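Chemist: query_34.txt is reproduced in full below (compact mmCIF, C-alpha atoms and all ligand atoms).
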```txt
# COMPACT_ATOMS: atom_id res chain seq x y z
CA MET F 13 -2.45 8.03 108.37
CA THR F 14 -4.94 9.57 105.95
CA THR F 15 -7.46 7.27 104.40
CA ARG F 16 -8.14 7.75 100.69
CA VAL F 17 -11.62 6.77 99.53
CA PHE F 18 -12.37 5.99 95.88
CA ALA F 19 -15.85 5.37 94.49
CA LEU F 20 -15.91 2.61 91.89
CA HIS F 21 -19.20 2.59 90.03
CA PRO F 22 -20.07 -0.03 87.45
CA GLY F 23 -19.03 1.31 84.06
CA GLY F 24 -16.86 4.02 85.63
CA VAL F 25 -13.13 4.51 85.27
CA TRP F 26 -11.37 2.45 87.94
CA ASP F 27 -7.84 2.69 86.75
CA GLU F 28 -6.40 5.28 89.12
CA ALA F 29 -8.13 3.79 92.16
CA LEU F 30 -6.94 0.29 91.34
CA ALA F 31 -3.40 1.49 90.69
CA VAL F 32 -3.25 3.29 94.05
CA ALA F 33 -4.83 0.36 95.92
CA ALA F 34 -2.64 -2.27 94.27
CA ARG F 35 0.49 -0.22 95.00
CA ALA F 36 -0.62 0.18 98.64
CA LEU F 37 -0.98 -3.59 98.93
CA ARG F 38 2.42 -4.24 97.37
CA ASP F 39 3.98 -1.60 99.67
CA GLY F 40 2.66 -3.34 102.79
CA GLY F 41 -0.38 -1.10 103.29
CA LEU F 42 -4.04 -1.83 104.05
CA VAL F 43 -6.85 -1.64 101.51
CA ALA F 44 -10.54 -2.08 102.28
CA PHE F 45 -12.49 -3.45 99.33
CA PRO F 46 -15.98 -4.74 98.56
CA THR F 47 -16.70 -8.43 98.10
CA GLU F 48 -20.09 -10.01 97.37
CA THR F 49 -20.49 -10.79 101.09
CA VAL F 50 -19.10 -7.91 103.18
CA TYR F 51 -16.20 -5.45 102.84
CA GLY F 52 -12.76 -6.91 103.50
CA LEU F 53 -9.66 -5.33 105.05
CA GLY F 54 -6.82 -6.54 102.87
CA ALA F 55 -3.06 -6.83 103.09
CA ASN F 56 -0.46 -8.81 101.15
CA ALA F 57 -0.84 -12.28 102.70
CA LEU F 58 2.84 -13.06 102.16
CA ASP F 59 4.03 -9.93 104.01
CA THR F 60 4.13 -10.65 107.76
CA ASP F 61 4.35 -6.98 108.79
CA ALA F 62 1.46 -5.98 106.56
CA VAL F 63 -0.72 -8.75 107.97
CA ALA F 64 0.20 -7.68 111.51
CA ARG F 65 -1.18 -4.23 110.61
CA ILE F 66 -4.59 -5.80 109.91
CA PHE F 67 -4.75 -7.16 113.46
CA ALA F 68 -3.70 -3.77 114.88
CA ALA F 69 -6.21 -1.80 112.77
CA LYS F 70 -9.11 -4.09 113.75
CA GLY F 71 -8.09 -4.68 117.35
CA ARG F 72 -8.38 -8.36 116.45
CA PRO F 73 -7.08 -11.11 118.76
CA ALA F 74 -3.95 -12.68 117.25
CA ASP F 75 -5.34 -16.21 117.61
CA ASN F 76 -8.13 -15.60 115.07
CA PRO F 77 -6.81 -16.56 111.61
CA LEU F 78 -7.53 -14.73 108.35
CA ILE F 79 -8.97 -15.75 105.00
CA VAL F 80 -6.62 -15.52 102.01
CA HIS F 81 -8.30 -14.17 98.87
CA VAL F 82 -7.14 -15.21 95.40
CA ALA F 83 -8.20 -14.31 91.85
CA HIS F 84 -7.80 -17.77 90.26
CA LEU F 85 -8.14 -21.38 91.34
CA SER F 86 -4.57 -21.91 90.11
CA HIS F 87 -3.35 -19.45 92.77
CA VAL F 88 -4.38 -21.90 95.49
CA ARG F 89 -1.68 -24.45 94.70
CA PRO F 90 1.37 -22.63 96.17
CA LEU F 91 -0.59 -21.93 99.38
CA VAL F 92 -1.52 -25.54 100.16
CA ARG F 93 0.33 -28.77 100.95
CA ALA F 94 -2.26 -31.01 99.40
CA GLU F 95 -5.43 -30.66 97.37
CA PRO F 96 -8.32 -32.67 98.84
CA ASP F 97 -10.54 -34.46 96.28
CA ALA F 98 -13.44 -32.21 97.17
CA LEU F 99 -11.49 -29.03 96.27
CA PRO F 100 -12.05 -29.01 92.48
CA ILE F 101 -15.66 -30.11 93.00
CA VAL F 102 -16.71 -27.32 95.35
CA ALA F 103 -14.42 -24.70 93.81
CA GLY F 104 -15.74 -25.58 90.36
CA ARG F 105 -19.31 -25.17 91.52
CA PHE F 106 -19.13 -22.26 93.98
CA TRP F 107 -16.09 -20.14 93.00
CA PRO F 108 -16.06 -17.28 92.51
CA GLY F 109 -18.49 -17.04 95.40
CA PRO F 110 -19.20 -16.82 99.12
CA LEU F 111 -17.40 -20.03 100.08
CA THR F 112 -14.12 -20.23 102.02
CA LEU F 113 -12.22 -23.51 101.99
CA VAL F 114 -9.98 -24.63 104.86
CA LEU F 115 -7.04 -26.56 103.37
CA PRO F 116 -3.71 -27.96 104.58
CA ARG F 117 -1.35 -24.97 104.47
CA SER F 118 1.99 -24.81 102.72
CA PRO F 119 5.08 -23.25 104.37
CA LEU F 120 4.65 -20.22 102.09
CA VAL F 121 1.75 -18.95 104.22
CA PRO F 122 3.02 -16.95 107.21
CA ASP F 123 2.01 -18.01 110.74
CA VAL F 124 0.46 -14.62 111.38
CA VAL F 125 -2.19 -15.37 108.72
CA THR F 126 -3.20 -18.77 110.06
CA ALA F 127 -2.64 -17.95 113.75
CA GLY F 128 -0.20 -20.86 113.77
CA LEU F 129 -2.77 -23.41 112.56
CA ASP F 130 -1.73 -26.17 110.19
CA SER F 131 -4.47 -25.11 107.77
CA VAL F 132 -5.21 -22.04 105.68
CA ALA F 133 -8.60 -20.62 104.71
CA ILE F 134 -8.87 -19.55 101.05
CA ARG F 135 -11.58 -17.91 99.00
CA LEU F 136 -12.15 -16.60 95.49
CA PRO F 137 -14.66 -13.76 95.86
CA ASN F 138 -17.33 -12.90 93.31
CA HIS F 139 -17.10 -9.13 93.03
CA PRO F 140 -15.72 -7.16 90.09
CA VAL F 141 -13.81 -4.71 92.31
CA ALA F 142 -12.31 -7.46 94.49
CA LEU F 143 -11.26 -9.46 91.43
CA ALA F 144 -9.80 -6.41 89.65
CA LEU F 145 -7.83 -5.52 92.78
CA LEU F 146 -6.53 -9.08 93.27
CA ASN F 147 -5.48 -9.27 89.63
CA ARG F 148 -3.80 -5.89 89.68
CA ALA F 149 -1.96 -6.48 92.97
CA ALA F 150 -0.90 -9.96 91.83
CA VAL F 151 -0.43 -11.15 95.43
CA PRO F 152 -2.73 -13.28 97.60
CA VAL F 153 -4.65 -10.93 99.91
CA ALA F 154 -5.39 -11.77 103.53
CA ALA F 155 -8.62 -10.06 104.49
CA PRO F 156 -10.96 -10.30 107.45
CA SER F 157 -14.17 -8.28 107.44
CA ALA F 158 -13.32 -4.56 107.51
CA ASN F 159 -14.88 -3.74 110.89
CA ARG F 160 -13.36 -3.07 114.28
CA SER F 161 -13.26 -6.42 116.06
CA GLY F 162 -16.62 -7.34 117.59
CA ARG F 163 -18.65 -4.83 115.51
CA PRO F 164 -21.10 -5.90 112.79
CA SER F 165 -19.39 -6.61 109.48
CA PRO F 166 -19.50 -3.72 106.98
CA THR F 167 -21.87 -4.02 104.05
CA GLN F 168 -21.30 -0.44 102.87
CA ALA F 169 -18.15 1.66 102.48
CA ASN F 170 -19.40 4.18 105.05
CA HIS F 171 -19.46 1.36 107.65
CA VAL F 172 -15.77 0.82 106.95
CA LEU F 173 -15.07 4.52 107.24
CA ALA F 174 -16.97 4.68 110.56
CA ASP F 175 -14.82 1.90 112.04
CA LEU F 176 -11.44 2.31 110.36
CA ASN F 177 -10.95 5.91 109.21
CA CYS F 178 -7.24 6.81 109.52
CA ARG F 179 -6.43 3.12 110.15
CA VAL F 180 -6.39 2.05 106.50
CA ASP F 181 -4.61 3.51 103.48
CA VAL F 182 -7.36 3.07 100.90
CA ILE F 183 -11.08 2.30 100.86
CA LEU F 184 -12.59 1.17 97.57
CA ASP F 185 -16.30 2.02 97.61
CA GLY F 186 -18.18 -0.40 95.40
CA GLY F 187 -21.62 0.32 96.85
CA PRO F 188 -23.63 -1.99 99.14
CA THR F 189 -22.65 -5.66 99.08
CA GLY F 190 -25.07 -8.26 97.75
CA VAL F 191 -25.06 -11.22 100.12
CA GLY F 192 -24.76 -9.26 103.37
CA VAL F 193 -23.42 -12.05 105.58
CA GLU F 194 -19.92 -13.48 105.34
CA SER F 195 -18.80 -16.51 103.36
CA THR F 196 -19.46 -20.06 104.45
CA VAL F 197 -16.30 -21.57 105.97
CA LEU F 198 -16.01 -25.21 104.89
CA ASP F 199 -13.28 -27.42 106.37
CA LEU F 200 -11.87 -29.79 103.75
CA THR F 201 -9.14 -31.14 106.05
CA SER F 202 -11.59 -33.39 107.95
CA ALA F 203 -12.77 -36.81 106.70
CA VAL F 204 -16.23 -35.37 105.99
CA PRO F 205 -16.39 -31.74 104.76
CA THR F 206 -17.60 -29.68 107.70
CA ILE F 207 -19.23 -26.26 107.84
CA LEU F 208 -17.42 -24.26 110.50
CA ARG F 209 -19.28 -21.02 109.85
CA PRO F 210 -22.57 -20.84 107.92
CA GLY F 211 -22.66 -18.11 105.28
CA GLY F 212 -23.62 -17.22 101.73
CA VAL F 213 -23.37 -20.74 100.31
CA THR F 214 -25.97 -22.90 102.04
CA ARG F 215 -25.66 -26.32 103.67
CA GLU F 216 -28.30 -27.52 101.22
CA GLN F 217 -26.25 -26.35 98.20
CA LEU F 218 -23.09 -28.00 99.54
CA ALA F 219 -24.89 -31.25 100.31
CA ALA F 220 -26.29 -31.36 96.77
CA VAL F 221 -22.76 -31.30 95.37
CA LEU F 222 -20.79 -33.21 98.01
CA GLY F 223 -23.36 -35.72 99.21
CA ARG F 224 -22.23 -35.57 102.81
CA VAL F 225 -21.64 -32.36 104.73
CA GLU F 226 -21.44 -31.95 108.46
CA VAL F 227 -22.28 -28.82 110.37
CA ASP F 228 -20.00 -28.18 113.30
CA PRO F 229 -22.41 -27.86 116.26
CA ARG F 230 -20.85 -24.54 117.16
CA ALA F 231 -21.75 -23.16 113.74
CA ARG F 232 -25.31 -22.78 115.00
CA ALA F 233 -24.08 -20.66 117.93
CA LEU F 234 -26.63 -22.15 120.33
CA PRO F 235 -26.19 -20.65 123.78
CA VAL F 236 -25.82 -23.97 125.62
CA LEU F 237 -22.56 -24.48 123.74
CA ASP F 238 -21.13 -21.27 125.16
CA ASN F 239 -20.19 -23.25 128.25
CA HIS F 240 -18.09 -25.76 126.35
CA GLU F 241 -14.32 -25.85 126.42
CA TRP F 242 -13.25 -23.45 123.71
CA ASP F 243 -9.79 -24.99 123.39
CA ALA F 244 -11.20 -27.54 120.98
CA VAL F 245 -12.75 -24.94 118.70
CA ARG F 246 -11.82 -25.56 115.08
CA SER F 247 -12.66 -22.15 113.69
CA PRO F 248 -11.22 -19.80 116.25
CA GLY F 249 -13.45 -16.91 115.17
CA MET F 250 -16.47 -18.77 116.52
CA LYS F 251 -15.49 -18.26 120.13
CA TYR F 252 -15.71 -14.48 120.10
CA LYS F 253 -18.84 -12.48 120.74
CA HIS F 254 -19.48 -10.90 117.38
CA TYR F 255 -21.65 -8.58 115.41
CA ALA F 256 -22.51 -6.99 118.69
CA PRO F 257 -24.59 -3.85 118.72
CA GLN F 258 -23.60 -1.41 121.47
CA ALA F 259 -26.99 -1.77 123.17
CA PRO F 260 -27.90 -5.03 124.93
CA ALA F 261 -29.80 -7.33 122.60
CA THR F 262 -32.33 -10.10 123.19
CA LEU F 263 -33.23 -12.72 120.59
CA VAL F 264 -36.64 -14.39 120.72
CA GLU F 265 -36.84 -17.77 118.99
CA GLY F 266 -39.90 -19.87 118.16
CA GLU F 267 -42.85 -19.81 115.81
CA PRO F 268 -45.26 -17.00 115.04
CA PRO F 269 -47.58 -15.86 116.42
CA GLN F 270 -46.23 -16.90 119.87
CA LEU F 271 -42.88 -15.47 118.83
CA TRP F 272 -44.37 -12.05 118.08
CA ARG F 273 -46.50 -12.16 121.24
CA LYS F 274 -43.35 -12.77 123.30
CA LEU F 275 -41.58 -9.87 121.56
CA TYR F 276 -44.55 -7.63 122.32
CA GLU F 277 -44.65 -8.76 125.94
CA LEU F 278 -40.94 -7.99 126.38
CA LEU F 279 -41.45 -4.63 124.69
CA ALA F 280 -44.38 -3.81 126.96
CA ASN F 281 -42.23 -4.60 130.01
CA ARG F 282 -39.27 -2.47 128.91
CA ALA F 283 -37.64 -0.14 131.41
CA LEU F 284 -39.45 3.18 131.77
CA GLY F 285 -38.45 5.56 128.98
CA ALA F 286 -36.22 3.00 127.24
CA ARG F 287 -35.81 3.41 123.49
CA VAL F 288 -36.29 -0.05 122.03
CA GLY F 289 -35.23 -1.17 118.57
CA LEU F 290 -37.21 -4.04 117.02
CA LEU F 291 -35.32 -6.11 114.43
CA VAL F 292 -38.03 -8.24 112.89
CA SER F 293 -39.49 -9.85 109.77
CA GLU F 294 -41.89 -7.97 107.52
CA GLU F 295 -44.76 -10.04 108.89
CA GLY F 296 -43.58 -9.46 112.44
CA ALA F 297 -43.36 -5.72 111.83
CA ARG F 298 -46.95 -5.70 110.59
CA TRP F 299 -48.23 -7.77 113.53
CA LEU F 300 -46.41 -5.68 116.13
CA ALA F 301 -47.45 -2.38 114.56
CA GLY F 302 -51.03 -3.70 114.69
CA GLN F 303 -50.75 -4.02 118.48
CA GLY F 304 -49.74 -0.36 118.75
CA LEU F 305 -46.10 0.42 119.42
CA PRO F 306 -45.03 2.59 122.35
CA GLY F 307 -43.63 6.03 121.37
CA GLY F 308 -39.91 5.98 120.59
CA THR F 309 -39.90 2.37 119.39
CA LEU F 310 -37.80 1.90 116.26
CA LEU F 311 -38.93 -0.75 113.83
CA PHE F 312 -36.38 -2.39 111.51
CA SER F 313 -38.07 -4.65 108.99
CA LEU F 314 -35.55 -7.12 107.57
CA GLY F 315 -37.72 -8.93 105.02
CA PRO F 316 -40.20 -11.80 104.72
CA ARG F 317 -39.62 -14.78 107.07
CA GLN F 318 -39.39 -17.05 104.04
CA ALA F 319 -36.79 -14.88 102.23
CA PRO F 320 -33.60 -15.30 104.26
CA GLU F 321 -31.47 -13.75 101.45
CA GLN F 322 -33.24 -10.44 101.95
CA VAL F 323 -32.87 -10.68 105.71
CA ALA F 324 -29.15 -11.48 105.39
CA LYS F 325 -28.63 -8.52 103.09
CA ARG F 326 -30.14 -6.00 105.51
CA LEU F 327 -29.06 -7.47 108.85
CA PHE F 328 -25.70 -5.84 109.55
CA ALA F 329 -26.74 -2.39 108.32
CA ALA F 330 -29.78 -2.58 110.61
CA LEU F 331 -27.61 -3.49 113.63
CA ARG F 332 -25.39 -0.50 112.90
CA GLN F 333 -28.35 1.81 112.38
CA ALA F 334 -29.84 0.76 115.70
CA ASP F 335 -26.61 1.87 117.33
CA GLU F 336 -26.61 5.17 115.50
CA GLU F 337 -30.16 5.85 116.60
CA GLY F 338 -29.03 5.27 120.17
CA VAL F 339 -31.44 2.48 121.10
CA ASP F 340 -31.17 1.26 124.72
CA TRP F 341 -32.31 -2.25 123.95
CA LEU F 342 -32.59 -4.31 120.82
CA LEU F 343 -35.31 -6.96 120.54
CA MET F 344 -34.72 -9.40 117.67
CA GLU F 345 -36.97 -11.96 115.97
CA GLY F 346 -35.57 -15.44 115.31
CA PHE F 347 -35.85 -16.81 111.74
CA PRO F 348 -36.12 -20.33 110.25
CA GLU F 349 -32.71 -21.95 109.78
CA ASP F 350 -33.34 -23.01 106.17
CA GLY F 351 -30.92 -21.87 103.45
CA VAL F 352 -29.12 -18.65 104.34
CA GLY F 353 -31.36 -18.59 107.43
CA LEU F 354 -28.71 -20.75 109.14
CA ALA F 355 -26.17 -17.94 108.71
CA VAL F 356 -28.72 -15.32 109.78
CA MET F 357 -29.46 -17.21 113.01
CA ASN F 358 -25.73 -17.71 113.72
CA ARG F 359 -25.23 -13.92 113.49
CA LEU F 360 -28.36 -13.10 115.51
CA ARG F 361 -27.47 -15.51 118.31
CA ARG F 362 -24.01 -14.08 118.52
CA ALA F 363 -25.29 -10.50 118.44
CA ALA F 364 -27.52 -11.48 121.38
CA GLY F 365 -24.48 -12.76 123.25
CA GLY F 366 -26.52 -15.55 124.87
CA ASN F 367 -29.64 -13.46 125.70
CA ILE F 368 -32.04 -15.84 124.03
CA VAL F 369 -35.67 -16.36 124.94
CA MET F 370 -37.73 -19.26 123.62
CA ALA F 371 -41.28 -18.18 122.85
CA GLY F 372 -43.69 -20.65 124.35
CA SER F 373 -41.51 -21.36 127.37
CA LYS F 374 -41.40 -19.13 130.44
O1 LIG F 401 -17.10 -13.25 103.51
C1 LIG F 401 -16.05 -13.35 104.14
O2 LIG F 401 -15.58 -14.43 104.47
C2 LIG F 401 -15.32 -12.03 104.49
C3 LIG F 401 -14.86 -11.39 103.21
C4 LIG F 401 -14.02 -10.15 103.46
O3 LIG F 401 -14.15 -12.33 102.45
N1 LIG F 401 -14.25 -12.29 105.39
C5 LIG F 401 -14.44 -12.65 106.69
O4 LIG F 401 -13.28 -12.81 107.42
O5 LIG F 401 -15.53 -12.82 107.18
P1 LIG F 401 -13.26 -12.90 109.01
O6 LIG F 401 -11.82 -12.79 109.37
O7 LIG F 401 -14.17 -11.87 109.59
O8 LIG F 401 -13.73 -14.34 109.33
C6 LIG F 401 -12.91 -15.43 108.97
C7 LIG F 401 -13.39 -16.67 109.64
C8 LIG F 401 -13.15 -16.65 111.13
O9 LIG F 401 -14.25 -17.26 111.77
C9 LIG F 401 -11.88 -17.49 111.27
O10 LIG F 401 -11.75 -18.07 112.53
C10 LIG F 401 -12.09 -18.52 110.17
O11 LIG F 401 -12.66 -17.79 109.12
N2 LIG F 401 -10.82 -19.11 109.75
C11 LIG F 401 -9.79 -18.50 109.12
N3 LIG F 401 -8.77 -19.36 108.92
C12 LIG F 401 -9.16 -20.56 109.42
C13 LIG F 401 -8.56 -21.85 109.51
N4 LIG F 401 -7.33 -22.07 109.05
N5 LIG F 401 -9.26 -22.83 110.08
C14 LIG F 401 -10.51 -22.60 110.54
N6 LIG F 401 -11.14 -21.42 110.49
C15 LIG F 401 -10.47 -20.40 109.94
MG MG F 402 -15.29 -10.76 110.82
```
Represent the supplied structure as structure tokens.
Ligand code: TXA
Ligand code: MG
Modeler:
Amino acid sequence: MTTRVFALHPGGVWDEALAVAARALRDGGLVAFPTETVYGLGANALDTDAVARIFAAKGRPADNPLIVHVAHLSHVRPLVRAEPDALPIVAGRFWPGPLTLVLPRSPLVPDVVTAGLDSVAIRLPNHPVALALLNRAAVPVAAPSANRSGRPSPTQANHVLADLNCRVDVILDGGPTGVGVESTVLDLTSAVPTILRPGGVTREQLAAVLGRVEVDPRARALPVLDNHEWDAVRSPGMKYKHYAPQAPATLVEGEPPQLWRKLYELLANRALGARVGLLVSEEGARWLAGQGLPGGTLLFSLGPRQAPEQVAKRLFAALRQADEEGVDWLLMEGFPEDGVGLAVMNRLRRAAGGNIVMAGSK
């Protein structure tokens, strides 16, 4: 299949691109489109064959369910069996936005979308291109992130092209995404609303509106939990190694300056001739550069430690760039888990695949 790419600039003429993309969706095809979080790989959620094509294009395990994207709150009703009291509260406050709600599914939603679960995940994205496409196609759109399974999520159209060229019908290029990490997945089927995956809407923001919010322990992706029985996992996506750069990665957690000292010590002990990529805060970059970096070291500065939104925005592109530069080893700085920092640490721990070092311990 040939992939058609359309650039949709603010203020430009989108009509042809949207017509082609909406037709592709209605004809059972695949369309990659920007959202405020990451690019999505969309298909008509009510078309079983089309949704099956998403899994094939991504190489995604069939037991990992998809998020259904809608253009209006009123489009949720046919997809759900019941509307929990919290639904209008959180949707009213955070939609359109980076929040996905897990709700009791109606029979209208095909099994292939929910991986056979009794619930369906739904989100109303906050991006002009996504909303224009959803309105034009006039169908609910199932869309995971538009990366090959296991790769970092795409925050630019060229990331999508790198992973999925000739595997999708249309790519809508709306420029770099704003949030940079995926939506927060909030389960509204449990007695207390529970964050299954931290993302663009923070735990603090949800707590302010809902009063009580739980964080599923697995949402922090702490390595000790990797040994748990995964059968009981509520958000199936959490069990897969994710966002993985091709090179092995090590995450160092703790407080500066011990944290930076540990990073430097690991760097100094690298294998002879190894090209190391350092994924660090602005302050960390400055401190490490001050020690003198060995030749061939690549420094990726993600942003100030106290500005997790900036770090989130740059994270996935930096992971991909490290791969492109052919680093042999990626050393990553851990960040505070406040605000979007919780999502950043979830992604970093999973990128490290359990290679986590605590600064201050041996
Ligand atoms: O920001 C985002 O959420 C992006 C954009 C494209 O909207 N989408 C995205 O989709 O990240 P994906 O497929 O990469 O991640 C969806 C997550 C997975 O962890 C999946 O297991 C979880 O949502 N999920 C989907 N349906 C679920 C359900 N019924 N119950 C629990 N978790 C569910
Ligand atoms: Mg994904």
Chemist: Ranking F:Ala94, F:Val50, F:Leu145, F:Leu290 by minimum distance to ligand MG 402 (chain F) and counting all atoms listed in the file, which one comes first?
Modeler: F:Val50
Chemist: Please produce, as a tab-separated table, a per-residue contact table for chain F versus ligand LIG 401 (chain F) (criterion: any atom at most 7 Å away, all atoms listed in the file considered), showing the nearest atom pair and its distance in Å to one decimal, sorted by chain then residue number.
Modeler:
```
residue	atom	partner	partner_atom	distance
F:Thr47	CA	F:LIG401	C3	6.2
F:Thr49	CA	F:LIG401	O1	4.8
F:Val50	CA	F:LIG401	C3	5.5
F:Tyr51	CA	F:LIG401	C4	5.2
F:Gly52	CA	F:LIG401	C4	3.5
F:Leu53	CA	F:LIG401	C4	6.7
F:Asn76	CA	F:LIG401	O10	5.1
F:Pro77	CA	F:LIG401	C11	4.3
F:Leu78	CA	F:LIG401	C11	4.5
F:Ile79	CA	F:LIG401	C11	5.0
F:Pro110	CA	F:LIG401	O1	6.0
F:Thr112	CA	F:LIG401	O2	6.5
F:Val114	CA	F:LIG401	N5	5.6
F:Thr126	CA	F:LIG401	N4	5.4
F:Leu129	CA	F:LIG401	N4	5.9
F:Ser131	CA	F:LIG401	N4	4.4
F:Val132	CA	F:LIG401	N4	4.0
F:Ala133	CA	F:LIG401	N3	4.4
F:Pro137	CA	F:LIG401	O3	6.8
F:Ala155	CA	F:LIG401	C4	5.5
F:Pro156	CA	F:LIG401	O6	3.3
F:Ser157	CA	F:LIG401	O7	4.2
F:Ala158	CA	F:LIG401	C4	6.9
F:Val193	CA	F:LIG401	O1	6.8
F:Glu194	CA	F:LIG401	O1	3.4
F:Ser195	CA	F:LIG401	O1	3.7
F:Thr196	CA	F:LIG401	O2	6.8
F:Val197	CA	F:LIG401	O11	6.1
F:Asp199	CA	F:LIG401	C14	6.9
F:Leu208	CA	F:LIG401	N6	6.9
F:Arg209	CA	F:LIG401	O9	6.6
F:Arg246	CA	F:LIG401	C14	5.6
F:Ser247	CA	F:LIG401	N6	3.6
F:Pro248	CA	F:LIG401	O10	4.1
F:Gly249	CA	F:LIG401	O10	3.3
F:Met250	CA	F:LIG401	O9	5.5
```
Chemist: I'd like the interatomic distance between CA of Arg105 in chain F and CA of Leu218 in chain F, to a tenth of an Å.
Modeler: 9.3 Å
Chemist: What separation in Å, quoted to one decimal, exists between CA of Pro116 in chain F and CA of Gly192 in chain F?
Modeler: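 These two atoms are separated by 28.2 Å.
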Chemist: List the neighbours of Tyr255 in chain F out to 7 Å using all atoms listed in the file; skip same-chain residues closer than 5 positions along the sequence, and give me the result as a PDB file with C-alpha atoms, keeping the file's coordinate frame.
Modeler:
```pdb
ATOM      1  CA  GLY F 162     -16.620  -7.340 117.590  1.00  0.00           C
ATOM      2  CA  ARG F 163     -18.650  -4.830 115.510  1.00  0.00           C
ATOM      3  CA  PRO F 164     -21.100  -5.900 112.790  1.00  0.00           C
ATOM      4  CA  SER F 165     -19.390  -6.610 109.480  1.00  0.00           C
ATOM      5  CA  ARG F 359     -25.230 -13.920 113.490  1.00  0.00           C
ATOM      6  CA  ARG F 362     -24.010 -14.080 118.520  1.00  0.00           C
ATOM      7  CA  ALA F 363     -25.290 -10.500 118.440  1.00  0.00           C
TER       8      ALA F 363
END
```
Chemist: Which residues of range 169-275 of chain F come within 9 Å of range 19-34 of chain F, and for each one, what is the closest pair of atoms and their distance in Å to one decimal, counting all atoms listed in the file, sorted by chain and residue number, as a Markdown table?
Modeler:
```
| residue | atom | partner | partner_atom | distance |
| --- | --- | --- | --- | --- |
| F:Asp181 | CA | F:Ala33 | CA | 8.2 |
| F:Val182 | CA | F:Ala33 | CA | 6.2 |
| F:Ile183 | CA | F:Ala33 | CA | 8.2 |
| F:Leu184 | CA | F:Ala19 | CA | 6.1 |
| F:Asp185 | CA | F:Ala19 | CA | 4.6 |
| F:Gly186 | CA | F:Leu20 | CA | 5.2 |
| F:Gly187 | CA | F:His21 | CA | 7.6 |
```
Chemist: I need the chosen residues saved as a compact mmCIF listing (two decimals), in the frame of the given file, with C-alpha atoms.
Modeler:
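The result, written out as out09.txt:
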```txt
# COMPACT_ATOMS: atom_id res chain seq x y z
CA ASP F 181 -4.61 3.51 103.48
CA VAL F 182 -7.36 3.07 100.90
CA ILE F 183 -11.08 2.30 100.86
CA LEU F 184 -12.59 1.17 97.57
CA ASP F 185 -16.30 2.02 97.61
CA GLY F 186 -18.18 -0.40 95.40
CA GLY F 187 -21.62 0.32 96.85
```
Chemist: Given the choices F:Arg179, F:Arg72, F:Arg317, F:Arg89, which gets closest to ligand MG 402 (chain F) if the distance is worked out from all atoms listed in the file?
Modeler: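 Among the listed residues, F:Arg72 lies closest to ligand MG 402 (chain F).
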Chemist: In Å, with one decimal, what is the gap from CA of Ala44 in chain F to CA of Ala329 in chain F?
Modeler: 17.3 Å
Chemist: Excluding Thr206 in chain F and any residue of its chain fewer than 5 positions from it, enumerate the residues within 6 Å of it, using only C-alpha atoms, and give them as a PyMOL selection string.
Modeler: chain F and resi 198-199+225-227
Chemist: Please determine, counting all atoms listed in the file, which residue among F:Val43, F:Ile207, F:Ile66, F:Ala286 has the shortest atom-to-atom distance to ligand MG 402 (chain F).
Modeler: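 Smallest separation from ligand MG 402 (chain F) among the options: F:Ile66.
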Chemist: Find, counting only C-alpha atoms, the residue in F:Val153, F:Leu146, F:Leu342, F:Leu42 that gets nearest to Leu91 in chain F.
Modeler: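 Smallest separation from Leu91 in chain F among the options: F:Val153.
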Chemist: Choose the residue, out of F:Arg16, F:Arg215, F:Arg160, F:Lys274, that has the smallest atom-to-atom separation from ligand MG 402 (chain F); count only C-alpha atoms and all ligand atoms.
Modeler: F:Arg160
Chemist: Rank nothing, just name the residue among F:Ala256, F:Val352, F:Met357, F:Leu284 nearest to ligand MG 402 (chain F), using all atoms listed in the file.
Modeler: F:Ala256
Chemist: For a cutoff of 10 Å around the file-coordinate point (-29.6, -5.1, 111.5), which residues qualify once you count all atoms listed in the file? I'd like the result as number ranges by chain.
Modeler: F: 164, 255, 257, 289-292, 312-314, 323-335, 342, 344, 360, 363
Chemist: Take the residues just selected and output them with C-alpha atoms as a compact mmCIF listing (two decimals), keeping the file's coordinate frame.
Modeler:
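In the end it all went to out22.txt:
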```txt
# COMPACT_ATOMS: atom_id res chain seq x y z
CA PRO F 164 -21.10 -5.90 112.79
CA TYR F 255 -21.65 -8.58 115.41
CA PRO F 257 -24.59 -3.85 118.72
CA GLY F 289 -35.23 -1.17 118.57
CA LEU F 290 -37.21 -4.04 117.02
CA LEU F 291 -35.32 -6.11 114.43
CA VAL F 292 -38.03 -8.24 112.89
CA PHE F 312 -36.38 -2.39 111.51
CA SER F 313 -38.07 -4.65 108.99
CA LEU F 314 -35.55 -7.12 107.57
CA VAL F 323 -32.87 -10.68 105.71
CA ALA F 324 -29.15 -11.48 105.39
CA LYS F 325 -28.63 -8.52 103.09
CA ARG F 326 -30.14 -6.00 105.51
CA LEU F 327 -29.06 -7.47 108.85
CA PHE F 328 -25.70 -5.84 109.55
CA ALA F 329 -26.74 -2.39 108.32
CA ALA F 330 -29.78 -2.58 110.61
CA LEU F 331 -27.61 -3.49 113.63
CA ARG F 332 -25.39 -0.50 112.90
CA GLN F 333 -28.35 1.81 112.38
CA ALA F 334 -29.84 0.76 115.70
CA ASP F 335 -26.61 1.87 117.33
CA LEU F 342 -32.59 -4.31 120.82
CA MET F 344 -34.72 -9.40 117.67
CA LEU F 360 -28.36 -13.10 115.51
CA ALA F 363 -25.29 -10.50 118.44
```
Chemist: Which neighbours of Trp299 in chain F fall inside 10 Å, counting only C-alpha atoms, when residues of the same chain fewer than 2 positions from it are skipped, and could you give them as a list of chain:residue names?
Modeler: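 These residues fall inside the cut-off: F:Pro268, F:Pro269, F:Trp272, F:Arg273, F:Tyr276, F:Ser293, F:Glu294, F:Glu295, F:Gly296, F:Ala297, F:Ala301, F:Gly302, F:Gln303, F:Gly304.
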